[in-house]
Structure formats: structure tokens, C-alpha cells
2 protein chains.
Amino acid sequence: MPDSLPSWRDTATKKAVLDFVGAVTDPKSDAFVPERDRVAVFDNDGTISTEQPYTQLAFMLDRAAVLGKPTTPDELKAGGIPAVLELVAFTHGSISTSDFEAVVRSWIATARHPRFGRSYTAMVYQPMIELLGLLDANGFDCWVFSGGGSDFMRAWAPEVFGIPPHRIIGSSGSVTFEMGDSGPVLMKGTDLKVIDDKEQKPVSIHNAVGQRPIFAAGNTDGDLAMLQWAAGSPYRSFDLVIRHTDADREFAYDTDPVLGAGTAALLAAANAGGWTVVDMAADWETIYAPE
Amino acid sequence: MPDSLPSWRDTATKKAVLDFVGAVTDPKSDAFVPERDRVAVFDNDGTISTEQPYTQLAFMLDRAAVLGKPTTPDELKAGGIPAVLELVAFTHGSISTSDFEAVVRSWIATARHPRFGRSYTAMVYQPMIELLGLLDANGFDCWVFSGGGSDFMRAWAPEVFGIPPHRIIGSSGSVTFEMGDSGPVLMKGTDLKVIDDKEQKPVSIHNAVGQRPIFAAGNTDGDLAMLQWAAGSPYRSFDLVIRHTDADREFAYDTDPVLGAGTAALLAAANAGGWTVVDMAADWETIYAPE
């Protein structure tokens, strides 16, 4: 049988993933789960996509400059959350949903990652793309629940992740239906309605899927509630935590006092619950596919 | 070829439906639509399910009595919208999502329609169930966008409509993630967050599907924006309007000054746009399948 996870090294981590998929798809196993209940949920930034920097943050800074309000990462950091929300509103609001989609597609076609010089669509973790494919091939519906914006992700992620737009859910702002001169349009507003992080993630899963996941993957405390929700499933479930440990091939901010600060609760829960933890440096043979 | 719409009489209405499906699925047709873009959206009450009374209203009145606060339809009518919202909060809130699902399943297993004596799951229009099946067989993803509650519908409609829970979207209230004694629970609150009606329907379609539909079906002005949104698709699109004209086999409230009042704008738009209109008495050979 061909290796469906060729970018994963033959460690205990890979074995745990394959054992779970084997058990829940084997009709003779006590852990068998009917196909309709095979729901898997993934965080995006830091779990499927590189988050140094966030792809959407790179977009916002470039977009702000195009719109005549250049902002530096340092200015944004100094301004804190209010400055970020203002930048989100300025770069994502007051535009039709179809125009916004075109703007994002155009940006991502040419933007390059500052350190690696690769397209942002090539800054996704090849082992996670393989995992999405493995689950899909085994009757799972894979969904993304991200703090990033639904509309931003849906403009490029479906092709890259192999997941249809409706299964990519993130934060979202107000949208209004308006009758334009050439027919109806949906206009994006400037206020955030749902911030899809922390305890909101399982709520968003309930609203969007209407089923409880049996598989969840994340990398920060913002994903903890989502992983707890999957862990409590009456079915056998699987929680996967991604640790950023590879300074050479990706980034090693896992134990950074600032960047890694938001993982303590997740790692404690993983330890207590026996969840599977990916050490990127040790467990992954390949991080990024050739561009 | 077997007739995929046997409950539809051989009228121009049935022909229009079949012609559309034939055109958008024929790779040699100018109107061909790739399978990934074949999105169809349906209202529920009055479009797929009988709405005299609303199934969910019958549930609420029965549930209120069980919970020790019996309410009559006349009291509810006298109290107006505030009384309805209070009843929704009382009968849908302060309960876990899984307990609520069990309550609805238990109710619908025994409740009977006051006039027809049938189970509410047997009060769906057989021609519309056949239409959902025809579209599904032709590569469409069919979705429901209803003013009714997501959680209420998802407890019974997936089996009846042949649509997975995530493609059944309606109004929804607040939900919170809580750590209970035996693990995490999602608790339904008492405040409505989204009322999935009128201009909200295309917004909900954008949020949940992330694609524009090419087929929409509805029966009141509350569905008008959804049908306009589909009608404006760059692809060839199809809008279907259901008129309740059969007093003997269902109900004839279509032109009732009160009950039918909420259809004037929809019928005007159907007339102006050349949308297809179902006259239930004339177009449907069968309304309800044998129970």
C-alpha cells in the first residue's frame, strides 16, 4: 500500500494518526465510526499555514498601502487590538464580496513570504495537506475553523487545501444585501460579527456543521476549546497539537516567551489528555512542498 | 428513462424544471455549470414543509405545556412578536444542544398534524422531496435556508429531506461552550442571534456556502431576496415560487387577505422576472406521500 503521509517521518506521531484512521474506518473495530459522523476540524494559521507572519496580516499591510494608508508592523503593534481592528475594517470593509474576493486573489498571486520568498499558497505544511487528503480518502469531511477571515481564506484556500469553500469558516463581519444598478450585491461592512477563536470555535462548529467532530488539530490556546470538544465525543476521537520547533526549516517560536506564550494551556491539556503532539523538527521529513 | 418527478403533473412547470437541469448539466450546452458551482437553496416552511401550522410552532406550544406554561395559539396571536420571542426563549433556551435535539426527536416521533392526523415528518411535499433528489442526482448541493431554527430542523429534517445537517441553516440563538462535570457541553441561550429571513437569507447563504446559488425556491416575500440573489447569478439560474392553491389536499391561503398577504412582492418579482410558479392544485399530482 502506498504511503499516504510521505512527508511524515516514521515516528510514533505518524503511527498514532494512522492507527486512529484505521480503527474508526474498520467496520470490524469497536471504534468504527459511520462515514456520516467522520467530521474533522482544523485550525489554519500555525496548523495548516505558516503564521510568521499571518498571511492575512501581510495582506492587510499591503492593502492598506495600496489604499493610501501605509502602516508598519511596528505601528500596528504599538496600537494594539484597536489598531488591528481599525486596519481590518479599512482593508476588508465597504467593498462587495465579489470585489473583495478578486482583490485577495490578485494579491496572493504575486505576494511573497518575506523570509522564504515563496508564494503564501506555498507556505502551507505539506504534511498537513497530506493529512487532509488521507482523511478525505477515508470518508472524513474536513473543515477549517480559523481566527482568520472566512472571506479571505475562501478566496484561495479551497484549491490549496482541497476543501470546498463552505467547509472553510473563520471570523466574519457584517454583510448586507443591497440592490445595485446591475442587480443585487452583498456588501461587506466594517464591524466584526464573529471572532472565531477560543470558546467560539466549538460554537461555530455547532452552527456550521451541526455535528460533533471526532478529530481536531490546532496549535495555540485559541484552539483548546475546539480540541476539548472533539475529545469529549462519545466516539473514539483524536486530538493533534502542532509544535513549532524548527528554526531552520520553519520557525521555532514554540517556547518563545512572547510568541509561544499562548500555548501553555493547550500543551497542559495535551499532556493530561494523552493527545498526539507533532514536533515539527522531529516528526516532519518535509515542511513545504517544492513550489 | 424513469420519471424522476412522478408526483409532478406533465405541465409547463415540470418541463421548465427538467429543461433547466438538463441545460446546466449538459457539457455541450452554453448553459453548462461545473458541478462545484451547482448550488441550490430552498426555503422550508411552505416550500418543502406544510406551514399551517408551522411545525416548530406546534412544537413550541406542546413544549410550553410540558414545561408548565401552557399557551394557546390565540394568546400567542394576541401577544404578537414579543410573545413569540418569549415562547422561543422559554422552549428553546437554557438547555444543552444535545438535550434539545433529544427533546425535538422525541416530540416529532409522536406529534400529529391537527387536520391531517399525520406525523409532521410526513407533512412534507412529495414533489419537493423528489426535486431535491433530482438535483442531488445531477450534482447539485441542496441547502435549506429557513426562518425556522437550525437546531430544530437538524433534529429531524436530514433524514426526511435527504440533506446533511450542515446544509440545513435557519435562525439561531446564542450558544456557549461550558465545562460540565462530565466534559464540555454547548448550552443554548435565550437570545436570538440570527433571524434567517428576508435580506438575511442571501447573507446567510454567503456565510454558510460561500458560493452564489443558481437555483432557489421559496413561497413568501421572506424568500424574495434569496430568489433575487440566485436570479442575478452570472450562470443561467432558476427561481421557483410555490403557491398554496389547494384547499382540499393542502391549504389555499395564497390569496387570503391575512395569510396570503406576505406574497405580493414575491409574485410581482416572479412575474417580472419570468420565474417559474408552482400552482399546487394544478401542477402536483401528489402532495403527500403515503405515510
# chains A, B, ... in the order shown; residues from 1 in each chain; ligands from 1

call {"tool": "closest_atom_pairs", "arguments": {"of": "chain B", "to": "chain A", "cutoff": "8 Å", "atoms": "only C-alpha atoms", "output": "tab-separated table"}}
result
residue	atom	partner	partner_atom	distance
B:Ser150	CA	A:Asn207	CA	7.8
B:Asp151	CA	A:Gly210	CA	7.8
B:Arg154	CA	A:Gly210	CA	7.4
B:Pro165	CA	A:Gly210	CA	5.7
B:His166	CA	A:Val209	CA	4.4
B:Val175	CA	A:Val203	CA	6.2
B:Thr176	CA	A:Val203	CA	6.6
B:Phe177	CA	A:Glu199	CA	5.8
B:Gly183	CA	A:Gly232	CA	6.1
B:Pro184	CA	A:Trp229	CA	6.1
B:Val185	CA	A:Trp229	CA	7.9
B:Leu186	CA	A:Val203	CA	7.2
B:Glu199	CA	A:Phe177	CA	5.8
B:Gln200	CA	A:Phe177	CA	7.5
B:Pro202	CA	A:Phe177	CA	7.0
B:Val203	CA	A:Val175	CA	6.2
B:Asn207	CA	A:Ser150	CA	7.9
B:Ala208	CA	A:His166	CA	5.8
B:Val209	CA	A:His166	CA	4.4
B:Gly210	CA	A:His166	CA	5.6
B:Gln211	CA	A:Pro165	CA	7.5
B:Ala225	CA	A:Phe177	CA	7.9
B:Gln228	CA	A:Pro184	CA	7.0
B:Trp229	CA	A:Pro184	CA	6.1
B:Gly232	CA	A:Gly183	CA	6.2

call {"tool": "residues_around", "arguments": {"residues": "region 39-46 of chain A", "least_positions_apart": "4", "cutoff": "6 Å", "atoms": "only C-alpha atoms", "output": "MDAnalysis selection string"}}
result
chainID A and resid 50:51 140:146 213:218

call {"tool": "atom_distance", "arguments": {"atom1": "CA of Ala281 (chain A)", "atom2": "CA of Phe238 (chain A)"}}
result
21.5 Å

call {"tool": "residues_around", "arguments": {"residues": "Leu267 (chain A)", "least_positions_apart": "3", "cutoff": "12 Å", "atoms": "only C-alpha atoms", "output": "list in words"}}
result
Gly218, Asn219, Thr220, Asp221, Gly222, Asp223, Leu224, Leu227, Asp239, Leu240, Val241, Ile242, Arg243, Asp254, Thr255, Gly260, Ala261, Gly262, Thr263, Ala264, Ala270, Asn271, Ala272, Gly273, Gly274, Trp275, Thr276, Val277 and Val278 of chain A

call {"tool": "write_last_selection", "arguments": {"atoms": "N, CA and C atoms", "output": "JSON list (two decimals), in the first residue's frame"}}
result
[["chain", "number", "residue", "atom", "x", "y", "z"],
["A", 218, "GLY", "N", -4.83, 21.68, 16.21],
["A", 218, "GLY", "CA", -4.60, 23.09, 16.48],
["A", 218, "GLY", "C", -3.21, 23.31, 17.03],
["A", 219, "ASN", "N", -2.87, 24.56, 17.29],
["A", 219, "ASN", "CA", -1.51, 24.84, 17.78],
["A", 219, "ASN", "C", -1.40, 25.90, 18.86],
["A", 220, "THR", "N", -2.54, 26.50, 19.27],
["A", 220, "THR", "CA", -2.46, 27.50, 20.34],
["A", 220, "THR", "C", -3.62, 27.32, 21.31],
["A", 221, "ASP", "N", -3.56, 28.08, 22.40],
["A", 221, "ASP", "CA", -4.66, 28.04, 23.37],
["A", 221, "ASP", "C", -5.99, 28.45, 22.73],
["A", 222, "GLY", "N", -5.92, 29.21, 21.64],
["A", 222, "GLY", "CA", -7.15, 29.58, 20.92],
["A", 222, "GLY", "C", -7.87, 28.37, 20.34],
["A", 223, "ASP", "N", -7.16, 27.25, 20.25],
["A", 223, "ASP", "CA", -7.75, 26.02, 19.72],
["A", 223, "ASP", "C", -8.18, 25.05, 20.81],
["A", 224, "LEU", "N", -7.88, 25.40, 22.06],
["A", 224, "LEU", "CA", -8.10, 24.45, 23.16],
["A", 224, "LEU", "C", -9.55, 23.99, 23.25],
["A", 227, "LEU", "N", -10.45, 21.52, 20.61],
["A", 227, "LEU", "CA", -9.87, 20.19, 20.83],
["A", 227, "LEU", "C", -10.57, 19.48, 21.99],
["A", 239, "ASP", "N", -6.97, 14.08, 18.98],
["A", 239, "ASP", "CA", -6.56, 15.48, 19.02],
["A", 239, "ASP", "C", -5.10, 15.59, 18.67],
["A", 240, "LEU", "N", -4.80, 16.54, 17.78],
["A", 240, "LEU", "CA", -3.44, 16.71, 17.28],
["A", 240, "LEU", "C", -2.98, 18.14, 17.57],
["A", 241, "VAL", "N", -1.81, 18.25, 18.20],
["A", 241, "VAL", "CA", -1.25, 19.57, 18.54],
["A", 241, "VAL", "C", 0.05, 19.76, 17.77],
["A", 242, "ILE", "N", 0.18, 20.91, 17.10],
["A", 242, "ILE", "CA", 1.38, 21.18, 16.30],
["A", 242, "ILE", "C", 2.32, 22.10, 17.10],
["A", 243, "ARG", "N", 3.57, 21.63, 17.27],
["A", 243, "ARG", "CA", 4.57, 22.48, 17.96],
["A", 243, "ARG", "C", 5.62, 22.97, 16.96],
["A", 254, "ASP", "N", 7.97, 28.07, 19.57],
["A", 254, "ASP", "CA", 7.18, 27.27, 20.48],
["A", 254, "ASP", "C", 7.41, 27.65, 21.93],
["A", 255, "THR", "N", 8.69, 27.89, 22.30],
["A", 255, "THR", "CA", 9.00, 28.20, 23.69],
["A", 255, "THR", "C", 9.41, 29.66, 23.85],
["A", 260, "GLY", "N", 5.45, 32.23, 21.93],
["A", 260, "GLY", "CA", 4.99, 30.92, 22.35],
["A", 260, "GLY", "C", 4.12, 30.96, 23.59],
["A", 261, "ALA", "N", 3.85, 32.15, 24.07],
["A", 261, "ALA", "CA", 3.14, 32.28, 25.35],
["A", 261, "ALA", "C", 1.74, 31.71, 25.29],
["A", 262, "GLY", "N", 1.14, 31.74, 24.12],
["A", 262, "GLY", "CA", -0.26, 31.32, 24.01],
["A", 262, "GLY", "C", -0.44, 29.84, 23.79],
["A", 263, "THR", "N", 0.46, 29.00, 24.29],
["A", 263, "THR", "CA", 0.30, 27.56, 24.08],
["A", 263, "THR", "C", 0.31, 26.76, 25.37],
["A", 264, "ALA", "N", 0.50, 27.44, 26.51],
["A", 264, "ALA", "CA", 0.68, 26.72, 27.78],
["A", 264, "ALA", "C", -0.54, 25.87, 28.14],
["A", 270, "ALA", "N", -2.97, 18.71, 26.43],
["A", 270, "ALA", "CA", -2.48, 17.61, 25.60],
["A", 270, "ALA", "C", -1.78, 16.57, 26.46],
["A", 271, "ASN", "N", -1.00, 17.07, 27.43],
["A", 271, "ASN", "CA", -0.30, 16.18, 28.33],
["A", 271, "ASN", "C", -1.27, 15.38, 29.19],
["A", 272, "ALA", "N", -2.25, 16.08, 29.74],
["A", 272, "ALA", "CA", -3.22, 15.42, 30.62],
["A", 272, "ALA", "C", -4.09, 14.44, 29.84],
["A", 273, "GLY", "N", -4.44, 14.82, 28.62],
["A", 273, "GLY", "CA", -5.39, 14.00, 27.85],
["A", 273, "GLY", "C", -4.74, 12.96, 26.96],
["A", 274, "GLY", "N", -3.42, 12.93, 26.93],
["A", 274, "GLY", "CA", -2.75, 11.98, 26.05],
["A", 274, "GLY", "C", -2.95, 12.29, 24.58],
["A", 275, "TRP", "N", -3.08, 13.58, 24.26],
["A", 275, "TRP", "CA", -3.26, 13.96, 22.87],
["A", 275, "TRP", "C", -1.92, 13.80, 22.13],
["A", 276, "THR", "N", -2.00, 13.70, 20.81],
["A", 276, "THR", "CA", -0.80, 13.50, 20.00],
["A", 276, "THR", "C", -0.18, 14.85, 19.65],
["A", 277, "VAL", "N", 1.11, 14.97, 19.89],
["A", 277, "VAL", "CA", 1.80, 16.23, 19.68],
["A", 277, "VAL", "C", 2.84, 16.08, 18.57],
["A", 278, "VAL", "N", 2.75, 16.95, 17.57],
["A", 278, "VAL", "CA", 3.73, 16.98, 16.49],
["A", 278, "VAL", "C", 4.88, 17.89, 16.87]]

call {"tool": "atom_distance", "arguments": {"atom1": "CA of Ala31 (chain B)", "atom2": "CA of Leu18 (chain B)"}}
result
13.6 Å

call {"tool": "atom_distance", "arguments": {"atom1": "CA of Pro73 (chain A)", "atom2": "CA of Ser94 (chain A)"}}
result
23.2 Å

call {"tool": "select_by_dssp", "arguments": {"residues": "region 33-197 of chain A", "states": "helix (DSSP H, G or I)", "output": "CSV table (one decimal) with N, CA, C and O atoms, in the first residue's frame"}}
result
chain,number,residue,atom,x,y,z
A,35,GLU,N,-19.5,6.7,8.3
A,35,GLU,CA,-18.9,7.8,7.5
A,35,GLU,C,-19.6,9.1,7.7
A,35,GLU,O,-18.9,10.2,7.8
A,36,ARG,N,-20.9,9.2,7.9
A,36,ARG,CA,-21.6,10.4,8.1
A,36,ARG,C,-21.1,11.2,9.3
A,36,ARG,O,-21.3,12.4,9.5
A,37,ASP,N,-20.5,10.5,10.3
A,37,ASP,CA,-20.1,11.1,11.5
A,37,ASP,C,-18.6,11.4,11.6
A,37,ASP,O,-18.1,11.8,12.6
A,55,THR,N,-0.7,35.2,7.1
A,55,THR,CA,-0.9,35.5,5.7
A,55,THR,C,-1.9,36.8,5.6
A,55,THR,O,-1.6,37.7,4.8
A,56,GLN,N,-2.9,36.7,6.4
A,56,GLN,CA,-3.9,37.8,6.3
A,56,GLN,C,-3.4,39.2,6.8
A,56,GLN,O,-3.8,40.2,6.3
A,57,LEU,N,-2.4,39.1,7.7
A,57,LEU,CA,-1.8,40.3,8.2
A,57,LEU,C,-0.9,40.9,7.1
A,57,LEU,O,-0.9,42.1,6.8
A,58,ALA,N,-0.2,40.1,6.4
A,58,ALA,CA,0.6,40.5,5.3
A,58,ALA,C,-0.3,41.2,4.2
A,58,ALA,O,0.0,42.2,3.7
A,59,PHE,N,-1.4,40.6,4.0
A,59,PHE,CA,-2.4,41.1,3.0
A,59,PHE,C,-2.9,42.5,3.5
A,59,PHE,O,-2.9,43.5,2.7
A,60,MET,N,-3.2,42.6,4.8
A,60,MET,CA,-3.8,43.9,5.3
A,60,MET,C,-2.8,45.0,5.2
A,60,MET,O,-3.1,46.1,4.8
A,61,LEU,N,-1.5,44.7,5.5
A,61,LEU,CA,-0.5,45.8,5.4
A,61,LEU,C,-0.3,46.2,3.9
A,61,LEU,O,-0.2,47.4,3.7
A,62,ASP,N,-0.2,45.2,3.0
A,62,ASP,CA,-0.1,45.6,1.6
A,62,ASP,C,-1.3,46.4,1.1
A,62,ASP,O,-1.2,47.3,0.4
A,63,ARG,N,-2.4,45.9,1.5
A,63,ARG,CA,-3.7,46.5,1.1
A,63,ARG,C,-3.8,48.0,1.6
A,63,ARG,O,-4.3,48.9,0.9
A,64,ALA,N,-3.4,48.1,2.9
A,64,ALA,CA,-3.5,49.5,3.4
A,64,ALA,C,-2.6,50.5,2.7
A,64,ALA,O,-3.0,51.6,2.4
A,65,ALA,N,-1.4,50.0,2.2
A,65,ALA,CA,-0.5,50.8,1.5
A,65,ALA,C,-1.2,51.2,0.1
A,65,ALA,O,-1.2,52.3,-0.3
A,66,VAL,N,-1.8,50.2,-0.5
A,66,VAL,CA,-2.4,50.4,-1.8
A,66,VAL,C,-3.6,51.4,-1.7
A,66,VAL,O,-3.8,52.3,-2.5
A,73,PRO,N,4.4,47.1,10.6
A,73,PRO,CA,4.1,46.2,11.7
A,73,PRO,C,4.3,46.8,13.0
A,73,PRO,O,3.6,46.5,14.0
A,74,ASP,N,5.4,47.6,13.2
A,74,ASP,CA,5.7,48.2,14.5
A,74,ASP,C,4.5,49.2,14.9
A,74,ASP,O,4.2,49.2,16.1
A,75,GLU,N,4.0,50.0,14.0
A,75,GLU,CA,2.9,50.9,14.3
A,75,GLU,C,1.7,50.1,14.8
A,75,GLU,O,1.0,50.5,15.7
A,76,LEU,N,1.5,49.0,14.1
A,76,LEU,CA,0.3,48.1,14.4
A,76,LEU,C,0.5,47.5,15.8
A,76,LEU,O,-0.4,47.5,16.6
A,77,LYS,N,1.7,47.1,16.1
A,77,LYS,CA,2.0,46.5,17.4
A,77,LYS,C,1.8,47.6,18.5
A,77,LYS,O,1.2,47.3,19.5
A,78,ALA,N,2.2,48.8,18.2
A,78,ALA,CA,2.1,49.8,19.2
A,78,ALA,C,0.6,50.2,19.4
A,78,ALA,O,0.2,50.5,20.6
A,79,GLY,N,-0.2,50.1,18.4
A,79,GLY,CA,-1.6,50.4,18.5
A,79,GLY,C,-2.5,49.4,19.2
A,79,GLY,O,-3.6,49.7,19.5
A,80,GLY,N,-1.9,48.2,19.3
A,80,GLY,CA,-2.7,47.1,19.9
A,80,GLY,C,-3.9,46.7,19.2
A,80,GLY,O,-4.1,47.0,18.0
A,81,ILE,N,-4.8,46.0,19.9
A,81,ILE,CA,-6.1,45.5,19.3
A,81,ILE,C,-6.9,46.5,18.6
A,81,ILE,O,-7.3,46.3,17.4
A,82,PRO,N,-7.1,47.8,19.1
A,82,PRO,CA,-7.9,48.8,18.4
A,82,PRO,C,-7.3,49.1,17.0
A,82,PRO,O,-8.0,49.2,16.1
A,83,ALA,N,-5.9,49.1,17.0
A,83,ALA,CA,-5.3,49.4,15.7
A,83,ALA,C,-5.5,48.3,14.7
A,83,ALA,O,-5.7,48.5,13.5
A,84,VAL,N,-5.5,47.0,15.2
A,84,VAL,CA,-5.7,45.9,14.3
A,84,VAL,C,-7.1,45.9,13.8
A,84,VAL,O,-7.4,45.7,12.6
A,85,LEU,N,-8.1,46.2,14.7
A,85,LEU,CA,-9.5,46.2,14.3
A,85,LEU,C,-9.8,47.3,13.2
A,85,LEU,O,-10.5,47.1,12.3
A,86,GLU,N,-9.1,48.4,13.5
A,86,GLU,CA,-9.3,49.5,12.5
A,86,GLU,C,-8.7,49.1,11.1
A,86,GLU,O,-9.3,49.5,10.1
A,87,LEU,N,-7.6,48.4,11.2
A,87,LEU,CA,-6.9,48.0,9.9
A,87,LEU,C,-7.8,47.0,9.2
A,87,LEU,O,-8.0,47.0,8.0
A,88,VAL,N,-8.4,46.1,10.0
A,88,VAL,CA,-9.3,45.1,9.4
A,88,VAL,C,-10.5,45.8,8.7
A,88,VAL,O,-10.8,45.5,7.6
A,89,ALA,N,-11.1,46.7,9.4
A,89,ALA,CA,-12.2,47.5,8.9
A,89,ALA,C,-11.8,48.2,7.6
A,89,ALA,O,-12.5,48.2,6.6
A,90,PHE,N,-10.7,48.8,7.6
A,90,PHE,CA,-10.2,49.7,6.5
A,90,PHE,C,-9.9,48.8,5.3
A,90,PHE,O,-10.2,49.2,4.1
A,91,THR,N,-9.4,47.6,5.5
A,91,THR,CA,-8.9,46.8,4.4
A,91,THR,C,-9.9,45.7,4.0
A,91,THR,O,-9.8,45.1,2.9
A,92,HIS,N,-10.9,45.5,4.8
A,92,HIS,CA,-11.9,44.4,4.5
A,92,HIS,C,-13.3,44.9,4.3
A,92,HIS,O,-14.2,44.2,3.8
A,97,THR,N,-18.6,41.6,-1.7
A,97,THR,CA,-18.0,40.3,-1.5
A,97,THR,C,-17.2,39.8,-2.7
A,97,THR,O,-16.1,39.2,-2.6
A,98,SER,N,-17.8,40.0,-3.9
A,98,SER,CA,-17.1,39.6,-5.1
A,98,SER,C,-15.9,40.4,-5.4
A,98,SER,O,-14.8,39.9,-5.9
A,99,ASP,N,-16.0,41.7,-5.2
A,99,ASP,CA,-14.8,42.6,-5.4
A,99,ASP,C,-13.7,42.2,-4.4
A,99,ASP,O,-12.5,42.2,-4.8
A,100,PHE,N,-14.1,41.9,-3.2
A,100,PHE,CA,-13.1,41.5,-2.2
A,100,PHE,C,-12.4,40.2,-2.6
A,100,PHE,O,-11.1,40.1,-2.5
A,101,GLU,N,-13.1,39.3,-3.1
A,101,GLU,CA,-12.5,38.0,-3.5
A,101,GLU,C,-11.5,38.3,-4.6
A,101,GLU,O,-10.4,37.7,-4.6
A,102,ALA,N,-11.9,39.2,-5.5
A,102,ALA,CA,-10.9,39.5,-6.6
A,102,ALA,C,-9.7,40.1,-6.1
A,102,ALA,O,-8.5,39.9,-6.6
A,103,VAL,N,-9.8,41.0,-5.1
A,103,VAL,CA,-8.7,41.7,-4.5
A,103,VAL,C,-7.7,40.7,-3.9
A,103,VAL,O,-6.5,40.8,-4.0
A,104,VAL,N,-8.3,39.8,-3.1
A,104,VAL,CA,-7.4,38.8,-2.4
A,104,VAL,C,-6.7,37.9,-3.4
A,104,VAL,O,-5.5,37.6,-3.3
A,105,ARG,N,-7.5,37.4,-4.4
A,105,ARG,CA,-6.9,36.6,-5.4
A,105,ARG,C,-5.7,37.2,-6.2
A,105,ARG,O,-4.7,36.6,-6.4
A,106,SER,N,-6.0,38.5,-6.4
A,106,SER,CA,-4.9,39.3,-7.2
A,106,SER,C,-3.7,39.4,-6.3
A,106,SER,O,-2.5,39.3,-6.7
A,107,TRP,N,-3.9,39.7,-5.0
A,107,TRP,CA,-2.8,39.9,-4.1
A,107,TRP,C,-2.0,38.6,-3.9
A,107,TRP,O,-0.8,38.6,-4.0
A,108,ILE,N,-2.7,37.5,-3.7
A,108,ILE,CA,-2.0,36.3,-3.3
A,108,ILE,C,-1.3,35.7,-4.5
A,108,ILE,O,-0.3,34.9,-4.4
A,109,ALA,N,-1.7,36.1,-5.7
A,109,ALA,CA,-1.0,35.6,-7.0
A,109,ALA,C,0.4,36.2,-7.1
A,109,ALA,O,1.3,35.6,-7.7
A,110,THR,N,0.7,37.3,-6.4
A,110,THR,CA,2.1,37.9,-6.5
A,110,THR,C,2.8,38.1,-5.2
A,110,THR,O,4.1,38.2,-5.2
A,120,TYR,N,2.5,32.8,-0.7
A,120,TYR,CA,1.8,32.4,0.5
A,120,TYR,C,1.1,31.0,0.4
A,120,TYR,O,0.9,30.3,1.3
A,121,THR,N,0.6,30.8,-0.8
A,121,THR,CA,-0.1,29.5,-1.0
A,121,THR,C,0.9,28.3,-1.0
A,121,THR,O,0.4,27.2,-0.9
A,122,ALA,N,2.2,28.6,-1.0
A,122,ALA,CA,3.2,27.5,-0.9
A,122,ALA,C,3.8,27.5,0.5
A,122,ALA,O,4.7,26.8,0.8
A,126,GLN,N,3.2,20.8,4.0
A,126,GLN,CA,2.9,19.6,3.2
A,126,GLN,C,2.4,18.4,4.0
A,126,GLN,O,1.4,17.7,3.6
A,127,PRO,N,2.9,18.2,5.2
A,127,PRO,CA,2.4,17.0,6.0
A,127,PRO,C,0.9,17.2,6.3
A,127,PRO,O,0.2,16.2,6.4
A,128,MET,N,0.5,18.4,6.5
A,128,MET,CA,-0.9,18.7,6.9
A,128,MET,C,-1.8,18.5,5.7
A,128,MET,O,-3.0,18.1,5.7
A,129,ILE,N,-1.3,19.0,4.5
A,129,ILE,CA,-2.1,18.8,3.3
A,129,ILE,C,-2.3,17.3,3.0
A,129,ILE,O,-3.3,16.8,2.6
A,130,GLU,N,-1.2,16.5,3.3
A,130,GLU,CA,-1.3,15.1,3.1
A,130,GLU,C,-2.3,14.5,4.1
A,130,GLU,O,-3.1,13.6,3.8
A,131,LEU,N,-2.3,15.0,5.3
A,131,LEU,CA,-3.3,14.5,6.3
A,131,LEU,C,-4.7,14.8,5.9
A,131,LEU,O,-5.6,14.0,6.1
A,132,LEU,N,-4.9,16.0,5.4
A,132,LEU,CA,-6.3,16.4,4.9
A,132,LEU,C,-6.7,15.4,3.8
A,132,LEU,O,-7.8,14.9,3.8
A,133,GLY,N,-5.8,15.1,2.9
A,133,GLY,CA,-6.1,14.1,1.8
A,133,GLY,C,-6.3,12.7,2.4
A,133,GLY,O,-7.2,12.0,1.9
A,134,LEU,N,-5.6,12.3,3.4
A,134,LEU,CA,-5.8,11.0,3.9
A,134,LEU,C,-7.1,10.8,4.6
A,134,LEU,O,-7.9,9.8,4.4
A,135,LEU,N,-7.5,11.9,5.3
A,135,LEU,CA,-8.8,11.8,6.0
A,135,LEU,C,-9.9,11.9,4.9
A,135,LEU,O,-10.9,11.1,5.0
A,136,ASP,N,-9.8,12.7,3.9
A,136,ASP,CA,-10.8,12.8,2.9
A,136,ASP,C,-10.9,11.4,2.2
A,136,ASP,O,-12.1,11.0,1.9
A,137,ALA,N,-9.8,10.8,1.9
A,137,ALA,CA,-9.9,9.5,1.2
A,137,ALA,C,-10.5,8.4,2.1
A,137,ALA,O,-10.9,7.4,1.6
A,150,SER,N,-13.3,34.4,7.1
A,150,SER,CA,-13.9,33.4,6.1
A,150,SER,C,-13.6,33.9,4.7
A,150,SER,O,-13.2,33.1,3.8
A,151,ASP,N,-14.0,35.1,4.4
A,151,ASP,CA,-13.9,35.6,3.0
A,151,ASP,C,-12.5,35.6,2.5
A,151,ASP,O,-12.2,35.4,1.3
A,152,PHE,N,-11.5,36.0,3.4
A,152,PHE,CA,-10.1,36.0,3.0
A,152,PHE,C,-9.7,34.6,2.6
A,152,PHE,O,-9.1,34.3,1.6
A,153,MET,N,-9.9,33.6,3.5
A,153,MET,CA,-9.5,32.3,3.3
A,153,MET,C,-10.1,31.6,2.1
A,153,MET,O,-9.5,30.9,1.3
A,154,ARG,N,-11.4,31.9,1.9
A,154,ARG,CA,-12.2,31.2,0.8
A,154,ARG,C,-11.7,31.7,-0.5
A,154,ARG,O,-12.0,31.0,-1.5
A,157,ALA,N,-7.9,29.4,-0.3
A,157,ALA,CA,-7.6,28.1,0.4
A,157,ALA,C,-8.3,26.9,-0.2
A,157,ALA,O,-7.8,25.8,-0.1
A,158,PRO,N,-9.5,27.0,-0.8
A,158,PRO,CA,-10.2,25.8,-1.3
A,158,PRO,C,-9.2,25.0,-2.2
A,158,PRO,O,-9.1,23.8,-2.1
A,159,GLU,N,-8.6,25.7,-3.2
A,159,GLU,CA,-7.7,24.9,-4.1
A,159,GLU,C,-6.5,24.4,-3.4
A,159,GLU,O,-6.0,23.3,-3.7
A,160,VAL,N,-6.0,25.2,-2.4
A,160,VAL,CA,-4.7,24.8,-1.8
A,160,VAL,C,-5.0,23.6,-0.8
A,160,VAL,O,-4.2,22.7,-0.7
A,161,PHE,N,-6.1,23.7,-0.1
A,161,PHE,CA,-6.4,22.7,1.0
A,161,PHE,C,-7.1,21.5,0.4
A,161,PHE,O,-7.2,20.4,1.0
A,162,GLY,N,-7.8,21.7,-0.8
A,162,GLY,CA,-8.6,20.6,-1.3
A,162,GLY,C,-9.9,20.5,-0.5
A,162,GLY,O,-10.5,19.4,-0.4
A,165,PRO,N,-15.4,25.7,-0.3
A,165,PRO,CA,-15.5,27.0,0.4
A,165,PRO,C,-16.4,26.8,1.7
A,165,PRO,O,-16.0,27.4,2.7
A,166,HIS,N,-17.5,26.1,1.6
A,166,HIS,CA,-18.4,26.1,2.8
A,166,HIS,C,-17.8,25.4,4.0
A,166,HIS,O,-18.3,25.6,5.1
A,167,ARG,N,-16.7,24.6,3.7
A,167,ARG,CA,-16.1,24.0,4.9
A,167,ARG,C,-14.9,24.8,5.4
A,167,ARG,O,-14.0,24.2,6.1

call {"tool": "residues_around", "arguments": {"residues": "Asp10 (chain B)", "least_positions_apart": "6", "cutoff": "12 Å", "atoms": "only C-alpha atoms", "output": "list in words"}}
result
Asp3, Ala16, Val17, Leu18, Ala282, Asp283, Trp284 and Glu285 of chain B
